$ cat target.tsv   # TSV, C-alpha atoms
chain	number	residue	atom	x	y	z
A	1310	TYR	CA	-5.26	1.11	-46.16
A	1311	PHE	CA	-4.27	-1.33	-43.38
A	1312	ASP	CA	-6.42	-4.07	-44.86
A	1313	LEU	CA	-4.83	-3.64	-48.28
A	1314	SER	CA	-1.32	-3.62	-46.80
A	1315	PHE	CA	-1.84	-7.00	-45.15
A	1316	GLN	CA	-3.51	-8.47	-48.23
A	1317	ILE	CA	-0.68	-7.39	-50.54
A	1318	ALA	CA	1.92	-8.64	-48.06
A	1319	ARG	CA	0.27	-12.08	-48.02
A	1320	GLU	CA	0.20	-12.22	-51.79
A	1321	VAL	CA	3.86	-11.25	-52.09
A	1322	LEU	CA	5.29	-13.17	-49.13
A	1323	GLY	CA	3.13	-16.25	-49.33
A	1324	PRO	CA	1.04	-18.28	-46.88
A	1325	ASP	CA	3.93	-19.15	-44.58
A	1326	SER	CA	4.74	-15.52	-43.76
A	1327	MET	CA	3.99	-14.08	-40.32
A	1328	LEU	CA	2.11	-10.81	-40.71
A	1329	VAL	CA	2.11	-8.70	-37.56
A	1330	TYR	CA	0.17	-5.58	-36.62
A	1331	ASN	CA	2.87	-3.84	-34.54
A	1332	ASP	CA	2.04	-0.71	-32.52
A	1333	TYR	CA	2.65	1.19	-29.29
A	1334	GLY	CA	0.57	2.92	-26.67
A	1335	PHE	CA	-2.17	0.26	-26.54
A	1336	GLU	CA	-0.34	-2.43	-24.60
A	1337	SER	CA	-2.31	-2.08	-21.38
A	1338	THR	CA	-5.97	-1.61	-20.64
A	1339	GLU	CA	-4.83	0.65	-17.78
A	1340	ASP	CA	-2.63	3.27	-19.47
A	1341	PRO	CA	-3.51	6.89	-18.60
A	1342	ALA	CA	-1.46	8.27	-21.51
A	1343	ASP	CA	-4.19	7.31	-24.01
A	1344	PRO	CA	-6.90	5.41	-22.13
A	1345	GLU	CA	-8.93	4.54	-25.22
A	1346	LYS	CA	-6.27	3.38	-27.69
A	1347	HIS	CA	-6.24	-0.20	-26.41
A	1348	GLN	CA	-9.89	-0.54	-27.38
A	1349	ARG	CA	-9.48	1.21	-30.74
A	1350	VAL	CA	-6.71	-1.17	-31.77
A	1351	TYR	CA	-8.64	-4.20	-30.57
A	1352	ASP	CA	-11.76	-3.12	-32.44
A	1353	TYR	CA	-9.78	-2.68	-35.67
A	1354	VAL	CA	-7.98	-6.03	-35.42
A	1355	LYS	CA	-11.15	-7.94	-34.55
A	1356	ALA	CA	-13.11	-6.33	-37.38
A	1357	ALA	CA	-10.23	-6.90	-39.81
A	1358	LEU	CA	-10.07	-10.59	-38.91
A	1359	ASP	CA	-13.82	-10.84	-39.35
A	1360	ARG	CA	-13.34	-9.37	-42.85
A	1361	GLY	CA	-10.74	-12.02	-43.63
A	1362	VAL	CA	-7.71	-9.73	-43.42
A	1363	PRO	CA	-4.61	-11.93	-42.95
A	1364	ILE	CA	-3.29	-10.73	-39.58
A	1365	ASP	CA	-1.32	-13.49	-37.86
A	1366	ALA	CA	-0.16	-11.67	-34.74
A	1367	VAL	CA	-0.29	-8.40	-32.83
A	1368	GLY	CA	2.97	-6.87	-31.65
A	1369	PHE	CA	3.21	-4.78	-28.49
A	1370	GLN	CA	5.90	-2.10	-28.18
A	1371	LEU	CA	6.79	-1.48	-24.52
A	1372	HIS	CA	8.97	1.62	-24.33
A	1373	ILE	CA	8.29	2.02	-20.65
A	1374	ALA	CA	9.82	3.08	-17.34
A	1375	ASN	CA	10.19	2.04	-13.74
A	1376	ILE	CA	6.95	3.80	-12.86
A	1377	HIS	CA	5.03	1.34	-15.05
A	1378	GLY	CA	5.76	-1.18	-12.32
A	1379	ALA	CA	3.78	1.00	-9.88
A	1380	GLN	CA	7.03	2.25	-8.30
A	1381	GLY	CA	7.27	5.57	-6.54
A	1382	ILE	CA	4.48	8.03	-5.86
A	1383	ALA	CA	3.67	8.68	-9.52
A	1384	GLY	CA	3.75	4.98	-10.33
A	1385	SER	CA	1.45	4.02	-7.50
A	1386	ILE	CA	-1.03	6.73	-8.50
A	1387	PHE	CA	-1.06	6.46	-12.30
A	1388	PHE	CA	0.25	2.98	-13.12
A	1389	SER	CA	-0.86	0.78	-10.23
A	1390	ASP	CA	-2.76	-1.54	-12.60
A	1391	TYR	CA	-0.57	-1.22	-15.68
A	1392	MET	CA	0.95	-4.71	-15.57
A	1393	ALA	CA	-2.41	-6.35	-14.85
A	1394	GLY	CA	-3.75	-4.40	-17.82
A	1395	LEU	CA	-0.88	-5.67	-19.98
A	1396	LYS	CA	-1.76	-9.27	-19.20
A	1397	GLU	CA	-5.44	-8.55	-19.84
A	1398	GLN	CA	-4.66	-7.00	-23.20
A	1399	LEU	CA	-2.39	-9.84	-24.28
A	1400	ALA	CA	-5.08	-12.38	-23.38
A	1401	LYS	CA	-7.78	-10.36	-25.11
A	1402	PHE	CA	-5.96	-10.40	-28.44
A	1403	ALA	CA	-4.85	-14.03	-28.06
A	1404	ALA	CA	-8.51	-14.98	-27.66
A	1405	LEU	CA	-9.02	-13.85	-31.25
A	1406	GLY	CA	-6.99	-16.88	-32.31
A	1407	ILE	CA	-3.80	-15.02	-33.24
A	1408	GLU	CA	-0.39	-14.84	-31.62
A	1409	VAL	CA	0.65	-11.93	-29.43
A	1410	HIS	CA	4.25	-10.71	-29.33
A	1411	ILE	CA	6.13	-8.31	-27.10
A	1412	THR	CA	8.19	-7.07	-30.02
A	1413	GLU	CA	10.02	-4.21	-28.31
A	1414	ILE	CA	10.79	-3.65	-24.66
A	1415	ASP	CA	13.14	-1.25	-22.94
A	1416	VAL	CA	12.73	0.10	-19.42
A	1417	GLY	CA	14.10	3.52	-18.53
A	1418	CYS	CA	13.88	5.69	-15.46
A	1419	SER	CA	11.45	8.06	-17.20
A	1420	PHE	CA	9.42	8.31	-20.38
A	1421	PRO	CA	11.45	8.12	-23.63
A	1422	THR	CA	13.38	11.33	-24.47
A	1423	LEU	CA	12.54	12.84	-21.07
A	1424	PRO	CA	15.06	13.26	-18.24
A	1425	CYS	CA	15.03	11.05	-15.21
A	1426	THR	CA	13.55	12.73	-12.18
A	1427	PRO	CA	16.17	13.97	-9.72
A	1428	SER	CA	15.28	11.18	-7.30
A	1429	TRP	CA	15.94	8.48	-9.92
A	1430	ALA	CA	19.06	10.20	-11.26
A	1431	ARG	CA	20.67	10.36	-7.82
A	1432	LEU	CA	19.37	7.04	-6.60
A	1433	ASP	CA	21.83	4.29	-5.71
A	1434	PRO	CA	22.32	2.39	-9.01
A	1435	THR	CA	21.66	-0.93	-7.29
A	1436	VAL	CA	18.24	0.29	-6.12
A	1437	ARG	CA	17.47	1.71	-9.53
A	1438	GLY	CA	18.60	-1.55	-11.16
A	1439	ARG	CA	16.35	-3.67	-8.96
A	1440	ALA	CA	13.40	-1.46	-9.83
A	1441	GLN	CA	14.16	-1.82	-13.54
A	1442	GLY	CA	14.59	-5.57	-13.22
A	1443	ALA	CA	11.21	-5.89	-11.54
A	1444	VAL	CA	9.50	-4.22	-14.52
A	1445	TYR	CA	11.26	-6.42	-17.07
A	1446	ALA	CA	10.31	-9.50	-15.04
A	1447	ALA	CA	6.69	-8.39	-14.59
A	1448	ALA	CA	6.26	-7.90	-18.34
A	1449	LEU	CA	7.77	-11.32	-18.98
A	1450	GLU	CA	5.44	-12.87	-16.40
A	1451	ALA	CA	2.47	-11.33	-18.19
A	1452	CYS	CA	3.62	-12.88	-21.46
A	1453	LEU	CA	4.27	-16.29	-19.93
A	1454	ASP	CA	0.82	-16.28	-18.36
A	1455	VAL	CA	-0.84	-15.99	-21.78
A	1456	GLU	CA	-0.62	-19.12	-23.92
A	1457	GLY	CA	-0.67	-17.18	-27.18
A	1458	CYS	CA	2.24	-14.91	-26.22
A	1459	THR	CA	5.12	-16.44	-28.16
A	1460	ILE	CA	7.74	-13.66	-28.37
A	1461	TYR	CA	9.40	-11.45	-25.74
A	1462	GLN	CA	11.99	-9.35	-27.53
A	1463	MET	CA	14.30	-6.51	-26.52
A	1464	TRP	CA	14.47	-3.16	-28.33
A	1465	GLY	CA	18.24	-3.02	-27.97
A	1466	SER	CA	20.30	-5.03	-25.54
A	1467	THR	CA	23.05	-2.72	-24.28
A	1468	ASP	CA	23.25	0.79	-22.84
A	1469	LYS	CA	26.30	1.40	-25.05
A	1470	TYR	CA	24.11	1.72	-28.14
A	1471	SER	CA	20.70	3.01	-27.16
A	1472	TRP	CA	18.04	5.36	-28.43
A	1473	ARG	CA	17.40	6.20	-24.77
A	1474	ALA	CA	21.00	7.14	-23.97
A	1475	GLY	CA	20.34	10.88	-24.11
A	1476	ALA	CA	22.18	11.67	-27.36
A	1477	TRP	CA	19.38	13.74	-28.85
A	1478	ASP	CA	21.59	15.91	-31.07
A	1479	PRO	CA	20.47	14.97	-34.63
A	1480	ASP	CA	24.04	15.56	-35.82
A	1481	GLU	CA	25.18	12.67	-33.60
A	1482	GLY	CA	23.13	10.27	-35.67
A	1483	ASP	CA	23.98	6.86	-34.25
A	1484	GLY	CA	22.36	7.11	-30.82
A	1485	GLU	CA	25.53	6.11	-28.99
A	1486	ALA	CA	25.79	7.57	-25.50
A	1487	ALA	CA	28.12	10.54	-25.40
A	1488	ASP	CA	31.32	10.08	-23.42
A	1489	ASP	CA	30.26	12.78	-20.97
A	1490	GLY	CA	26.65	11.61	-20.84
A	1491	ALA	CA	26.90	8.29	-19.07
A	1492	ASN	CA	25.58	9.85	-15.87
A	1493	SER	CA	23.33	12.40	-17.53
A	1494	MET	CA	19.75	12.66	-16.31
A	1495	TYR	CA	18.79	11.99	-19.94
A	1496	ASN	CA	20.66	8.70	-20.09
A	1497	GLN	CA	18.07	6.20	-19.00
A	1498	HIS	CA	20.27	3.06	-18.98
A	1499	ALA	CA	17.21	1.27	-20.31
A	1500	HIS	CA	18.65	-2.11	-21.32
A	1501	ILE	CA	19.69	-5.36	-19.67
A	1502	PHE	CA	23.44	-5.05	-20.43
A	1503	ASP	CA	25.55	-2.05	-19.45
A	1504	GLU	CA	27.96	0.01	-21.57
A	1505	SER	CA	30.65	-2.65	-21.04
A	1506	LEU	CA	28.26	-5.38	-22.24
A	1507	GLN	CA	27.99	-6.83	-18.74
A	1508	PRO	CA	24.65	-8.20	-17.52
A	1509	LYS	CA	22.70	-5.93	-15.21
A	1510	THR	CA	20.18	-6.84	-12.54
A	1511	ALA	CA	17.46	-6.82	-15.21
A	1512	ALA	CA	19.19	-9.64	-17.09
A	1513	TYR	CA	19.26	-11.78	-13.96
A	1514	SER	CA	15.63	-10.88	-13.22
A	1515	ILE	CA	14.61	-12.21	-16.63
A	1516	LEU	CA	16.74	-15.33	-16.19
A	1517	GLY	CA	15.30	-15.94	-12.72
A	1518	THR	CA	11.77	-15.65	-14.04
A	1519	LEU	CA	12.45	-18.19	-16.78
A	1520	LEU	CA	14.18	-20.61	-14.43
A	1521	ALA	CA	11.29	-20.39	-11.95
A	1522	ARG	CA	8.83	-21.25	-14.72
A	1523	ALA	CA	10.97	-24.16	-15.90
A	1524	ALA	CA	11.31	-25.66	-12.41
$ encode --input "target.tsv" --output "structure tokens"
Amino acid sequence: YFDLSFQIAREVLGPDSMLVYNDYGFESTEDPADPEKHQRVYDYVKAALDRGVPIDAVGFQLHIANIHGAQGIAGSIFFSDYMAGLKEQLAKFAALGIEVHITEIDVGCSFPTLPCTPSWARLDPTVRGRAQGAVYAAALEACLDVEGCTIYQMWGSTDKYSWRAGAWDPDEGDGEAADDGANSMYNQHAHIFDESLQPKTAAYSILGTLLARAA
């Protein structure tokens, strides 16, 4: 099924199209949520390329949280090697001769659709923002360290319109944060611009990382 999808896409879109296998939950070799998925995806892509399937790139969806930067007790226990595993996984796929893309990244204070822990919800926003910025920067560093990583792309840019804003009522529809939910434990403030479209610490963390590399 996957093979056929890529083959038809190449026929329809032509040789200059960029065909991307885009997925989530396999982005690190050190992810306790599904420890084997990273290898399953790699095995499929490698075998597909060996069969001549036209896969040009692999896309990594990073819908992650502060703990993925090894922050806090849970982060230090379960995600201490997550970012190193991200870099390893990017390099592993790039070695197949294809591009690797971070196609979606947002960084909340908890897993998607789950509430922030009380400690994160009550934490000084500046502390919380620095923690978030560190994760965005670490993921960018992993991409920059791998020659074949050519895209680092947000999954939404502002907390004003966010799938992680806590508006889970299906009747709401548009995912915009509710007026009374800006400080909800379910509003993860997962993006690099706030509800007023002002840059947050994460935006400056990304900029600082790029400027340091360009120096």
$ closest_residue --input "target.tsv" --among "A:Ala1404, A:Leu1371, A:Thr1467, A:Ala1511" --to "A:Ala1440" --atoms "all atoms listed in the file"
A:Ala1511
$ closest_residue --input "target.tsv" --among "A:Gly1457, A:Gly1406, A:Gly1378, A:Gly1465" --to "A:Pro1363" --atoms "all atoms listed in the file"
A:Gly1406
$ atom_distance --input "target.tsv" --atom1 "atom CA of A:Ile1373" --atom2 "atom CA of A:Lys1355"
25.9 Å
$ residues_around --input "target.tsv" --residues "A:Tyr1391" --least-positions-apart "6" --cutoff "12 Å" --atoms "all atoms listed in the file" --output "list in words"
Gly1334, Phe1335, Glu1336, Ser1337, Thr1338, Glu1339, Asp1340, Pro1341, Ala1342, Pro1344, Leu1371, Ile1373, Ala1374, Asn1375, Ile1376, His1377, Gly1378, Ala1379, Gln1380, Gly1384, Ser1385, Glu1397, Gln1398, Val1444, Ala1447, Ala1448 and Ala1451 of chain A
$ write_last_selection --input "target.tsv" --atoms "C-alpha atoms" --output "CSV table (one decimal), in the frame of the given file"
chain,number,residue,atom,x,y,z
A,1334,GLY,CA,0.6,2.9,-26.7
A,1335,PHE,CA,-2.2,0.3,-26.5
A,1336,GLU,CA,-0.3,-2.4,-24.6
A,1337,SER,CA,-2.3,-2.1,-21.4
A,1338,THR,CA,-6.0,-1.6,-20.6
A,1339,GLU,CA,-4.8,0.6,-17.8
A,1340,ASP,CA,-2.6,3.3,-19.5
A,1341,PRO,CA,-3.5,6.9,-18.6
A,1342,ALA,CA,-1.5,8.3,-21.5
A,1344,PRO,CA,-6.9,5.4,-22.1
A,1371,LEU,CA,6.8,-1.5,-24.5
A,1373,ILE,CA,8.3,2.0,-20.6
A,1374,ALA,CA,9.8,3.1,-17.3
A,1375,ASN,CA,10.2,2.0,-13.7
A,1376,ILE,CA,7.0,3.8,-12.9
A,1377,HIS,CA,5.0,1.3,-15.0
A,1378,GLY,CA,5.8,-1.2,-12.3
A,1379,ALA,CA,3.8,1.0,-9.9
A,1380,GLN,CA,7.0,2.2,-8.3
A,1384,GLY,CA,3.8,5.0,-10.3
A,1385,SER,CA,1.4,4.0,-7.5
A,1397,GLU,CA,-5.4,-8.6,-19.8
A,1398,GLN,CA,-4.7,-7.0,-23.2
A,1444,VAL,CA,9.5,-4.2,-14.5
A,1447,ALA,CA,6.7,-8.4,-14.6
A,1448,ALA,CA,6.3,-7.9,-18.3
A,1451,ALA,CA,2.5,-11.3,-18.2
$ residues_near_point --input "target.tsv" --point "(-8.0, -2.1, -33.2)" --cutoff "12 Å" --atoms "all atoms listed in the file" --output "PyMOL selection string"
chain A and resi 1311-1312+1330-1336+1345-1358+1364+1367+1398+1401-1402+1405
$ write_last_selection --input "target.tsv" --atoms "C-alpha atoms" --output "compact mmCIF listing (two decimals), in the frame of the given file"
# COMPACT_ATOMS: atom_id res chain seq x y z
CA PHE A 1311 -4.27 -1.33 -43.38
CA ASP A 1312 -6.42 -4.07 -44.86
CA TYR A 1330 0.17 -5.58 -36.62
CA ASN A 1331 2.87 -3.84 -34.54
CA ASP A 1332 2.04 -0.71 -32.52
CA TYR A 1333 2.65 1.19 -29.29
CA GLY A 1334 0.57 2.92 -26.67
CA PHE A 1335 -2.17 0.26 -26.54
CA GLU A 1336 -0.34 -2.43 -24.60
CA GLU A 1345 -8.93 4.54 -25.22
CA LYS A 1346 -6.27 3.38 -27.69
CA HIS A 1347 -6.24 -0.20 -26.41
CA GLN A 1348 -9.89 -0.54 -27.38
CA ARG A 1349 -9.48 1.21 -30.74
CA VAL A 1350 -6.71 -1.17 -31.77
CA TYR A 1351 -8.64 -4.20 -30.57
CA ASP A 1352 -11.76 -3.12 -32.44
CA TYR A 1353 -9.78 -2.68 -35.67
CA VAL A 1354 -7.98 -6.03 -35.42
CA LYS A 1355 -11.15 -7.94 -34.55
CA ALA A 1356 -13.11 -6.33 -37.38
CA ALA A 1357 -10.23 -6.90 -39.81
CA LEU A 1358 -10.07 -10.59 -38.91
CA ILE A 1364 -3.29 -10.73 -39.58
CA VAL A 1367 -0.29 -8.40 -32.83
CA GLN A 1398 -4.66 -7.00 -23.20
CA LYS A 1401 -7.78 -10.36 -25.11
CA PHE A 1402 -5.96 -10.40 -28.44
CA LEU A 1405 -9.02 -13.85 -31.25
$ atom_distance --input "target.tsv" --atom1 "atom CA of A:Leu1453" --atom2 "atom CA of A:Pro1324"
27.2 Å
$ axis_aligned_box --input "target.tsv" --around "stretch 1409-1427 of chain A" --padding-each-side "4 Å" --output "lines of an AutoDock Vina configuration file"
center_x = 8.4
center_y = 1.0
center_z = -19.9
size_x = 23.5
size_y = 33.9
size_z = 28.3
$ atom_distance --input "target.tsv" --atom1 "atom CA of A:Asp1454" --atom2 "atom CA of A:Ile1414"
17.3 Å
$ closest_residue --input "target.tsv" --among "A:Lys1509, A:Phe1387, A:Glu1450, A:Cys1458" --to "A:Thr1435" --atoms "only C-alpha atoms"
A:Lys1509
$ closest_residue --input "target.tsv" --among "A:Asp1390, A:Glu1413, A:Glu1408, A:Glu1504" --to "A:Gln1370" --atoms "only C-alpha atoms"
A:Glu1413
$ residues_around --input "target.tsv" --residues "A:His1372" --least-positions-apart "3" --cutoff "8 Å" --atoms "all atoms listed in the file" --output "list in words"
Glu1413, Ile1414, Asp1415, Val1416, Gly1417, Phe1420 and Pro1421 of chain A
$ residues_around --input "target.tsv" --residues "A:Asp1503" --least-positions-apart "2" --cutoff "7 Å" --atoms "all atoms listed in the file" --output "PyMOL selection string"
chain A and resi 1467-1469+1501+1505-1509
$ residues_around --input "target.tsv" --residues "stretch 1512-1517 of chain A" --least-positions-apart "2" --cutoff "9 Å" --atoms "all atoms listed in the file" --output "tab-separated table (two decimals) with C-alpha atoms, in the frame of the given file"
chain	number	residue	atom	x	y	z
A	1439	ARG	CA	16.35	-3.67	-8.96
A	1442	GLY	CA	14.59	-5.57	-13.22
A	1443	ALA	CA	11.21	-5.89	-11.54
A	1445	TYR	CA	11.26	-6.42	-17.07
A	1446	ALA	CA	10.31	-9.50	-15.04
A	1449	LEU	CA	7.77	-11.32	-18.98
A	1500	HIS	CA	18.65	-2.11	-21.32
A	1501	ILE	CA	19.69	-5.36	-19.67
A	1502	PHE	CA	23.44	-5.05	-20.43
A	1508	PRO	CA	24.65	-8.20	-17.52
A	1509	LYS	CA	22.70	-5.93	-15.21
A	1510	THR	CA	20.18	-6.84	-12.54
A	1519	LEU	CA	12.45	-18.19	-16.78
A	1520	LEU	CA	14.18	-20.61	-14.43
A	1521	ALA	CA	11.29	-20.39	-11.95
A	1522	ARG	CA	8.83	-21.25	-14.72
$ build_atoms --input "target.tsv" --residues "stretch 1435-1458 of chain A" --atoms "N, CA and C atoms" --output "short mmCIF file (atom, residue, chain, number, x, y, z; two decimals), keeping the file's coordinate frame"
data_model
loop_
_atom_site.label_atom_id
_atom_site.label_comp_id
_atom_site.auth_asym_id
_atom_site.auth_seq_id
_atom_site.Cartn_x
_atom_site.Cartn_y
_atom_site.Cartn_z
N THR A 1435 22.15 0.42 -7.59
CA THR A 1435 21.66 -0.93 -7.29
C THR A 1435 20.15 -0.91 -7.02
N VAL A 1436 19.68 0.15 -6.38
CA VAL A 1436 18.24 0.29 -6.12
C VAL A 1436 17.51 0.52 -7.43
N ARG A 1437 18.05 1.41 -8.23
CA ARG A 1437 17.47 1.71 -9.53
C ARG A 1437 17.45 0.45 -10.41
N GLY A 1438 18.52 -0.33 -10.36
CA GLY A 1438 18.60 -1.55 -11.16
C GLY A 1438 17.58 -2.58 -10.74
N ARG A 1439 17.35 -2.71 -9.43
CA ARG A 1439 16.35 -3.67 -8.96
C ARG A 1439 14.95 -3.26 -9.41
N ALA A 1440 14.70 -1.96 -9.39
CA ALA A 1440 13.40 -1.46 -9.83
C ALA A 1440 13.19 -1.76 -11.32
N GLN A 1441 14.23 -1.53 -12.10
CA GLN A 1441 14.16 -1.82 -13.54
C GLN A 1441 13.96 -3.32 -13.78
N GLY A 1442 14.71 -4.13 -13.07
CA GLY A 1442 14.59 -5.57 -13.22
C GLY A 1442 13.20 -6.08 -12.91
N ALA A 1443 12.57 -5.47 -11.91
CA ALA A 1443 11.21 -5.89 -11.54
C ALA A 1443 10.22 -5.63 -12.66
N VAL A 1444 10.42 -4.54 -13.41
CA VAL A 1444 9.50 -4.22 -14.52
C VAL A 1444 9.72 -5.19 -15.67
N TYR A 1445 10.99 -5.43 -16.03
CA TYR A 1445 11.26 -6.42 -17.07
C TYR A 1445 10.64 -7.78 -16.71
N ALA A 1446 10.83 -8.20 -15.47
CA ALA A 1446 10.31 -9.50 -15.04
C ALA A 1446 8.79 -9.52 -15.05
N ALA A 1447 8.15 -8.43 -14.63
CA ALA A 1447 6.69 -8.39 -14.59
C ALA A 1447 6.10 -8.48 -16.00
N ALA A 1448 6.73 -7.82 -16.96
CA ALA A 1448 6.26 -7.90 -18.34
C ALA A 1448 6.43 -9.31 -18.89
N LEU A 1449 7.55 -9.94 -18.55
CA LEU A 1449 7.77 -11.32 -18.98
C LEU A 1449 6.75 -12.25 -18.35
N GLU A 1450 6.45 -12.06 -17.08
CA GLU A 1450 5.44 -12.87 -16.40
C GLU A 1450 4.09 -12.75 -17.11
N ALA A 1451 3.74 -11.53 -17.50
CA ALA A 1451 2.47 -11.33 -18.19
C ALA A 1451 2.43 -12.12 -19.49
N CYS A 1452 3.54 -12.12 -20.21
CA CYS A 1452 3.62 -12.88 -21.46
C CYS A 1452 3.53 -14.38 -21.20
N LEU A 1453 4.27 -14.86 -20.23
CA LEU A 1453 4.27 -16.29 -19.93
C LEU A 1453 2.91 -16.79 -19.44
N ASP A 1454 2.13 -15.90 -18.86
CA ASP A 1454 0.82 -16.28 -18.36
C ASP A 1454 -0.22 -16.43 -19.46
N VAL A 1455 0.10 -15.95 -20.67
CA VAL A 1455 -0.84 -15.99 -21.78
C VAL A 1455 -0.33 -16.99 -22.81
N GLU A 1456 -1.09 -18.04 -23.06
CA GLU A 1456 -0.62 -19.12 -23.92
C GLU A 1456 -0.23 -18.64 -25.31
N GLY A 1457 -0.94 -17.66 -25.83
CA GLY A 1457 -0.67 -17.18 -27.18
C GLY A 1457 0.48 -16.21 -27.30
N CYS A 1458 1.10 -15.84 -26.18
CA CYS A 1458 2.24 -14.91 -26.22
C CYS A 1458 3.50 -15.72 -26.50
#
